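Data block below; observations after.
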Amino acid sequence: MAKARKNRIICVANQKGGVAKTTTAAYLGAAFARLSKYVLMIDSDPQCNLTYSMELDEATQEKAIENNLATIYESGQDVDSCILRIRDNLSLIPASADLVMTELTLDSSPDALSSEPERILRKAMTPLRGRFDYTIIDCPPSQGMLTLNALVAADYLIVPTLASVISLTGLERMLEQVHEIVNGDMALNADLKLLGILLTRFRRDRNAELEIESKLRSVPEEFFVFKTVIPDRSQFGLLGELKAQTGRHLMELSMVSYSLLPYLTLAMEIEKILTPSRYSATRP
Ligand SMILES: Nc1ncnc2c1ncn2[C@@H]1O[C@H](COP(=O)(O)OP(=O)(O)O)[C@@H](O)[C@H]1O
Ligand SMILES: [Mg+2]
């Protein structure tokens, strides 16, 4: 029998677009895979950016048209038939353009698809228990039912955000939604934990961003901000590198690549957070 894996399900969400959710899902997935973890990425955004960024070959793209997250929602398709292997230890459940309709149906008449429309993804993922160390779900820039399903299916949430005032209001709304999922009357997912807020596209040369960083770090009792910060690459003229290397080359990136390195640091920080310390463990 295959070794049971850690089975940590991480949702990357923020209802704001452009905060590097998809970039984080792709690079963090690649980083964990480079650390020899078994990784599954799930593209839960109808814009399919994560799926496109994997630059699937034609045959795999064909397969993805018939077997993807939309078919899981719409016709209860077996989750295994939707898993695409990108590398030995890196897999993807792709999105397709059909997910636009799925999202509309879920948001307008949720009961059309299931009597428990918030739990469709969670239930569909049951057969995957113990098969992956990390499952990373990339969410759309909305607080609709696709994001809710991801939050109900997940153990942990990462909220990427820019260090701008406008992003902070988005962050507040996100945290309210999480509070409702964990503590609300419906008890949708009492186990969901906010793993951390991730500052992305960060510029240390801007005082306003440094101020927002220290403001966020000043309330550790409310939420945790990852020590790892993802620097903005465009200021170094490295945006081309970021774009060119999100594809199937992701796994061939040098370990010290400017784009991968911060995500490797983040992956190691997460491993450390989630591994109980030998010293703090209570003895039976
Ligand atoms: N560290 C970074 N430095 C510069 N640009 C970045 C960085 N991370 C992401 N981007 C760019 O920001 C844009 C939005 O990123 P994306 O991951 O698509 O955000 P989201 O999924 O939240 O909408 C993309 O054009 C992406 O290439
Ligand atoms: Mg995205």
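Numbering starts fresh at 1 for the residues of each chain in the structure tokens, the chains themselves are lettered A, B, ... in the order given, and ligands are numbered from 1 as they appear.
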
If the limit is 10 Å from any atom of ligand 1, counting only C-alpha atoms and all ligand atoms, which residues qualify? Return them as a PyMOL selection string.
chain A and resi 12-27+45+47-50+53+138-141+159-162+199-203+229-244+246+258-260+262-263

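Here the question is which of A:Leu171, A:Lys193, A:Lys63, A:Leu84 gets nearest to A:Ile42 using only C-alpha atoms, and that residue is A:Leu84.
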
With a distance cut-off of 7 Å and only C-alpha atoms, select the neighbouring residues of A:Ile137, excluding the residue or stretch itself and same-chain residues fewer than 4 positions from it, and output the selection as a VMD selection string.
chain A and resid 10 to 12 41 to 44 150

Here is a test: counting only C-alpha atoms, which residue of A:Leu35, A:Met54, A:Met145, A:Ile166 is nearest to A:Glu116?
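Answer, going by the shortest atom-to-atom distance: A:Met145.
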
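Nearest residue to ligand 2, choosing from A:Leu99, A:Cys82, A:Asp111, A:Ser142 and counting only C-alpha atoms and all ligand atoms: A:Ser142.
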
Every residue of stretch 2-228 of chain A that DSSP places in strand (DSSP E), as a compact mmCIF listing (two decimals) with all heavy atoms, in the first residue's frame:
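Result went into states22.txt, see below:
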# COMPACT_ATOMS: atom_id res chain seq x y z
N ARG A 8 -2.61 18.03 3.34
CA ARG A 8 -2.95 19.40 3.77
C ARG A 8 -3.58 20.13 2.59
O ARG A 8 -2.97 20.21 1.53
CB ARG A 8 -1.68 20.11 4.21
CG ARG A 8 -1.14 19.50 5.49
CD ARG A 8 0.27 19.93 5.75
NE ARG A 8 0.72 19.42 7.03
CZ ARG A 8 1.99 19.30 7.38
NH1 ARG A 8 2.94 19.66 6.53
NH2 ARG A 8 2.32 18.85 8.56
N ILE A 9 -4.77 20.64 2.82
CA ILE A 9 -5.48 21.32 1.73
C ILE A 9 -5.45 22.83 1.98
O ILE A 9 -5.94 23.30 3.01
CB ILE A 9 -6.93 20.80 1.62
CG1 ILE A 9 -6.90 19.27 1.43
CG2 ILE A 9 -7.67 21.49 0.47
CD1 ILE A 9 -8.26 18.61 1.51
N ILE A 10 -4.82 23.54 1.07
CA ILE A 10 -4.63 24.99 1.23
C ILE A 10 -5.39 25.73 0.13
O ILE A 10 -5.21 25.45 -1.06
CB ILE A 10 -3.13 25.36 1.14
CG1 ILE A 10 -2.32 24.63 2.21
CG2 ILE A 10 -2.96 26.87 1.27
CD1 ILE A 10 -0.82 24.92 2.14
N CYS A 11 -6.21 26.67 0.55
CA CYS A 11 -6.95 27.47 -0.41
C CYS A 11 -6.27 28.84 -0.52
O CYS A 11 -5.89 29.43 0.50
CB CYS A 11 -8.36 27.58 0.19
SG CYS A 11 -9.44 28.66 -0.64
N VAL A 12 -6.07 29.30 -1.74
CA VAL A 12 -5.49 30.63 -1.95
C VAL A 12 -6.60 31.56 -2.40
O VAL A 12 -7.12 31.40 -3.52
CB VAL A 12 -4.36 30.58 -3.01
CG1 VAL A 12 -3.72 31.96 -3.18
CG2 VAL A 12 -3.30 29.55 -2.63
N VAL A 39 2.08 16.99 -4.78
CA VAL A 39 1.26 18.20 -4.85
C VAL A 39 0.15 18.06 -5.89
O VAL A 39 0.37 17.58 -7.00
CB VAL A 39 2.15 19.42 -5.24
CG1 VAL A 39 1.30 20.69 -5.33
CG2 VAL A 39 3.28 19.61 -4.22
N LEU A 40 -1.05 18.49 -5.49
CA LEU A 40 -2.17 18.61 -6.43
C LEU A 40 -2.60 20.06 -6.44
O LEU A 40 -2.84 20.66 -5.38
CB LEU A 40 -3.33 17.72 -5.98
CG LEU A 40 -4.64 17.88 -6.77
CD1 LEU A 40 -4.47 17.39 -8.22
CD2 LEU A 40 -5.80 17.14 -6.10
N MET A 41 -2.69 20.65 -7.64
CA MET A 41 -3.22 22.01 -7.75
C MET A 41 -4.62 21.91 -8.33
O MET A 41 -4.86 21.09 -9.23
CB MET A 41 -2.33 22.84 -8.69
CG MET A 41 -0.90 22.99 -8.19
SD MET A 41 0.11 24.02 -9.28
CE MET A 41 0.34 22.92 -10.67
N ILE A 42 -5.54 22.71 -7.82
CA ILE A 42 -6.90 22.72 -8.36
C ILE A 42 -7.21 24.13 -8.85
O ILE A 42 -7.09 25.10 -8.09
CB ILE A 42 -7.93 22.28 -7.29
CG1 ILE A 42 -7.62 20.86 -6.79
CG2 ILE A 42 -9.35 22.36 -7.87
CD1 ILE A 42 -8.60 20.33 -5.75
N ASP A 43 -7.57 24.24 -10.13
CA ASP A 43 -7.90 25.54 -10.69
C ASP A 43 -9.39 25.78 -10.53
O ASP A 43 -10.21 25.18 -11.23
CB ASP A 43 -7.51 25.60 -12.17
CG ASP A 43 -7.66 27.01 -12.74
OD1 ASP A 43 -8.18 27.89 -12.02
OD2 ASP A 43 -7.26 27.22 -13.91
N LEU A 84 -4.68 15.70 -14.01
CA LEU A 84 -3.65 15.69 -15.05
C LEU A 84 -2.29 15.68 -14.36
O LEU A 84 -2.04 16.46 -13.45
CB LEU A 84 -3.75 16.94 -15.92
CG LEU A 84 -5.09 17.21 -16.58
CD1 LEU A 84 -5.04 18.54 -17.31
CD2 LEU A 84 -5.44 16.07 -17.54
N ARG A 85 -1.42 14.82 -14.87
CA ARG A 85 -0.09 14.74 -14.29
C ARG A 85 0.85 15.71 -15.00
O ARG A 85 1.06 15.58 -16.19
CB ARG A 85 0.40 13.30 -14.46
CG ARG A 85 1.38 12.92 -13.46
CD ARG A 85 1.03 11.49 -13.00
NE ARG A 85 2.10 10.98 -12.18
CZ ARG A 85 2.65 9.80 -12.36
NH1 ARG A 85 2.23 9.00 -13.31
NH2 ARG A 85 3.61 9.41 -11.57
N ILE A 86 1.36 16.69 -14.26
CA ILE A 86 2.29 17.65 -14.86
C ILE A 86 3.71 17.11 -14.73
O ILE A 86 4.51 17.18 -15.66
CB ILE A 86 2.21 19.03 -14.14
CG1 ILE A 86 0.75 19.52 -14.05
CG2 ILE A 86 3.11 20.05 -14.80
CD1 ILE A 86 0.14 19.98 -15.34
N ARG A 87 4.02 16.58 -13.57
CA ARG A 87 5.29 15.91 -13.28
C ARG A 87 4.97 14.75 -12.36
O ARG A 87 3.84 14.64 -11.89
CB ARG A 87 6.26 16.86 -12.54
CG ARG A 87 6.92 17.89 -13.40
CD ARG A 87 7.98 17.26 -14.30
NE ARG A 87 8.68 18.26 -15.08
CZ ARG A 87 8.20 18.82 -16.17
NH1 ARG A 87 7.01 18.51 -16.62
NH2 ARG A 87 8.93 19.72 -16.83
N LEU A 90 3.63 16.30 -9.25
CA LEU A 90 2.86 17.55 -9.39
C LEU A 90 1.69 17.32 -10.35
O LEU A 90 1.91 16.95 -11.51
CB LEU A 90 3.76 18.67 -9.93
CG LEU A 90 3.13 20.05 -10.08
CD1 LEU A 90 2.76 20.65 -8.73
CD2 LEU A 90 4.07 21.00 -10.82
N SER A 91 0.46 17.47 -9.85
CA SER A 91 -0.72 17.22 -10.67
C SER A 91 -1.66 18.41 -10.64
O SER A 91 -1.54 19.29 -9.79
CB SER A 91 -1.47 15.98 -10.17
OG SER A 91 -0.64 14.84 -10.25
N LEU A 92 -2.61 18.39 -11.58
CA LEU A 92 -3.54 19.52 -11.71
C LEU A 92 -4.94 19.03 -12.02
O LEU A 92 -5.11 18.15 -12.88
CB LEU A 92 -3.07 20.43 -12.86
CG LEU A 92 -4.04 21.51 -13.34
CD1 LEU A 92 -4.09 22.67 -12.35
CD2 LEU A 92 -3.65 22.04 -14.73
N ILE A 93 -5.93 19.56 -11.31
CA ILE A 93 -7.31 19.42 -11.77
C ILE A 93 -7.62 20.74 -12.47
O ILE A 93 -7.65 21.81 -11.84
CB ILE A 93 -8.30 19.17 -10.61
CG1 ILE A 93 -8.00 17.81 -9.96
CG2 ILE A 93 -9.74 19.21 -11.13
CD1 ILE A 93 -8.93 17.43 -8.83
N TYR A 134 0.24 18.12 -0.29
CA TYR A 134 -0.38 19.44 -0.36
C TYR A 134 -1.33 19.52 -1.54
O TYR A 134 -0.97 19.16 -2.66
CB TYR A 134 0.68 20.54 -0.52
CG TYR A 134 1.46 20.77 0.76
CD1 TYR A 134 2.67 20.15 0.99
CD2 TYR A 134 0.95 21.61 1.76
CE1 TYR A 134 3.37 20.34 2.18
CE2 TYR A 134 1.64 21.81 2.94
CZ TYR A 134 2.84 21.18 3.15
OH TYR A 134 3.51 21.38 4.32
N THR A 135 -2.54 19.99 -1.27
CA THR A 135 -3.48 20.33 -2.34
C THR A 135 -3.67 21.83 -2.27
O THR A 135 -3.95 22.38 -1.19
CB THR A 135 -4.82 19.60 -2.13
OG1 THR A 135 -4.59 18.19 -2.17
CG2 THR A 135 -5.82 19.97 -3.22
N ILE A 136 -3.47 22.50 -3.40
CA ILE A 136 -3.54 23.96 -3.41
C ILE A 136 -4.66 24.39 -4.36
O ILE A 136 -4.65 24.03 -5.54
CB ILE A 136 -2.19 24.55 -3.85
CG1 ILE A 136 -1.11 24.09 -2.84
CG2 ILE A 136 -2.25 26.07 -3.91
CD1 ILE A 136 0.28 24.52 -3.19
N ILE A 137 -5.63 25.12 -3.82
CA ILE A 137 -6.79 25.51 -4.63
C ILE A 137 -6.70 27.00 -4.97
O ILE A 137 -6.64 27.85 -4.07
CB ILE A 137 -8.13 25.25 -3.89
CG1 ILE A 137 -8.16 23.82 -3.31
CG2 ILE A 137 -9.31 25.47 -4.83
CD1 ILE A 137 -9.39 23.52 -2.45
N ASP A 138 -6.69 27.30 -6.26
CA ASP A 138 -6.64 28.70 -6.72
C ASP A 138 -8.07 29.20 -6.91
O ASP A 138 -8.84 28.60 -7.65
CB ASP A 138 -5.87 28.78 -8.05
CG ASP A 138 -5.74 30.22 -8.54
OD1 ASP A 138 -5.70 31.14 -7.70
OD2 ASP A 138 -5.69 30.42 -9.78
N TYR A 156 -6.68 24.96 5.36
CA TYR A 156 -5.93 26.20 5.58
C TYR A 156 -6.21 27.20 4.47
O TYR A 156 -6.49 26.81 3.34
CB TYR A 156 -4.42 25.92 5.60
CG TYR A 156 -4.03 24.91 6.64
CD1 TYR A 156 -3.75 23.59 6.28
CD2 TYR A 156 -3.94 25.27 7.98
CE1 TYR A 156 -3.40 22.65 7.24
CE2 TYR A 156 -3.60 24.34 8.94
CZ TYR A 156 -3.32 23.04 8.57
OH TYR A 156 -2.98 22.12 9.52
N LEU A 157 -6.06 28.47 4.85
CA LEU A 157 -6.26 29.55 3.87
C LEU A 157 -5.03 30.45 3.84
O LEU A 157 -4.51 30.84 4.89
CB LEU A 157 -7.50 30.37 4.28
CG LEU A 157 -7.68 31.72 3.61
CD1 LEU A 157 -7.98 31.56 2.12
CD2 LEU A 157 -8.84 32.49 4.28
N ILE A 158 -4.59 30.76 2.63
CA ILE A 158 -3.57 31.79 2.45
C ILE A 158 -4.25 32.96 1.74
O ILE A 158 -4.93 32.76 0.73
CB ILE A 158 -2.39 31.28 1.59
CG1 ILE A 158 -1.62 30.19 2.33
CG2 ILE A 158 -1.45 32.43 1.22
CD1 ILE A 158 -0.48 29.59 1.52
N VAL A 159 -4.09 34.16 2.27
CA VAL A 159 -4.65 35.34 1.61
C VAL A 159 -3.52 36.21 1.08
O VAL A 159 -2.86 36.92 1.85
CB VAL A 159 -5.53 36.17 2.58
CG1 VAL A 159 -6.22 37.30 1.83
CG2 VAL A 159 -6.55 35.29 3.28
N PRO A 160 -3.26 36.15 -0.23
CA PRO A 160 -2.24 37.05 -0.77
C PRO A 160 -2.83 38.45 -0.84
O PRO A 160 -4.01 38.61 -1.14
CB PRO A 160 -2.00 36.52 -2.19
CG PRO A 160 -2.82 35.30 -2.35
CD PRO A 160 -3.85 35.30 -1.26
N THR A 161 -2.03 39.43 -0.56
CA THR A 161 -2.52 40.80 -0.68
C THR A 161 -1.38 41.74 -1.05
O THR A 161 -0.21 41.47 -0.76
CB THR A 161 -3.18 41.27 0.65
OG1 THR A 161 -3.74 42.58 0.44
CG2 THR A 161 -2.19 41.35 1.80
N LYS A 193 -8.46 27.05 9.01
CA LYS A 193 -7.56 27.96 9.73
C LYS A 193 -6.93 28.93 8.76
O LYS A 193 -6.52 28.54 7.67
CB LYS A 193 -6.45 27.17 10.42
CG LYS A 193 -6.97 26.35 11.56
CD LYS A 193 -5.84 25.59 12.24
CE LYS A 193 -6.42 24.61 13.25
NZ LYS A 193 -7.23 23.55 12.60
N LEU A 194 -6.84 30.19 9.21
CA LEU A 194 -6.11 31.16 8.39
C LEU A 194 -4.63 30.89 8.61
O LEU A 194 -4.09 31.15 9.68
CB LEU A 194 -6.48 32.58 8.83
CG LEU A 194 -5.69 33.68 8.12
CD1 LEU A 194 -5.99 33.71 6.64
CD2 LEU A 194 -6.00 35.04 8.74
N LEU A 195 -3.98 30.34 7.58
CA LEU A 195 -2.56 30.01 7.71
C LEU A 195 -1.74 31.29 7.76
O LEU A 195 -0.82 31.41 8.56
CB LEU A 195 -2.16 29.12 6.53
CG LEU A 195 -0.80 28.44 6.56
CD1 LEU A 195 -0.62 27.62 7.82
CD2 LEU A 195 -0.66 27.53 5.33
N GLY A 196 -2.09 32.23 6.90
CA GLY A 196 -1.39 33.50 6.94
C GLY A 196 -1.76 34.44 5.81
O GLY A 196 -2.35 34.03 4.80
N ILE A 197 -1.42 35.69 6.04
CA ILE A 197 -1.56 36.72 5.01
C ILE A 197 -0.20 36.79 4.31
O ILE A 197 0.84 36.82 4.97
CB ILE A 197 -1.82 38.11 5.66
CG1 ILE A 197 -2.94 38.03 6.71
CG2 ILE A 197 -2.02 39.19 4.62
CD1 ILE A 197 -4.30 38.17 6.24
N LEU A 198 -0.24 36.83 2.98
CA LEU A 198 1.02 36.86 2.23
C LEU A 198 1.13 38.18 1.48
O LEU A 198 0.28 38.50 0.64
CB LEU A 198 1.05 35.69 1.23
CG LEU A 198 2.27 35.62 0.32
CD1 LEU A 198 3.55 35.30 1.13
CD2 LEU A 198 2.08 34.56 -0.78
N LEU A 199 2.16 38.93 1.80
CA LEU A 199 2.38 40.19 1.08
C LEU A 199 3.04 39.87 -0.25
O LEU A 199 4.11 39.25 -0.29
CB LEU A 199 3.24 41.13 1.91
CG LEU A 199 2.51 41.77 3.09
CD1 LEU A 199 3.49 42.36 4.10
CD2 LEU A 199 1.53 42.84 2.60

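Minimum atom-to-atom distances from A:Phe226, A:Ser36, A:Ala95, A:Gln61 to ligand 2 were compared using only C-alpha atoms and all ligand atoms, and the lowest value belongs to A:Ala95.
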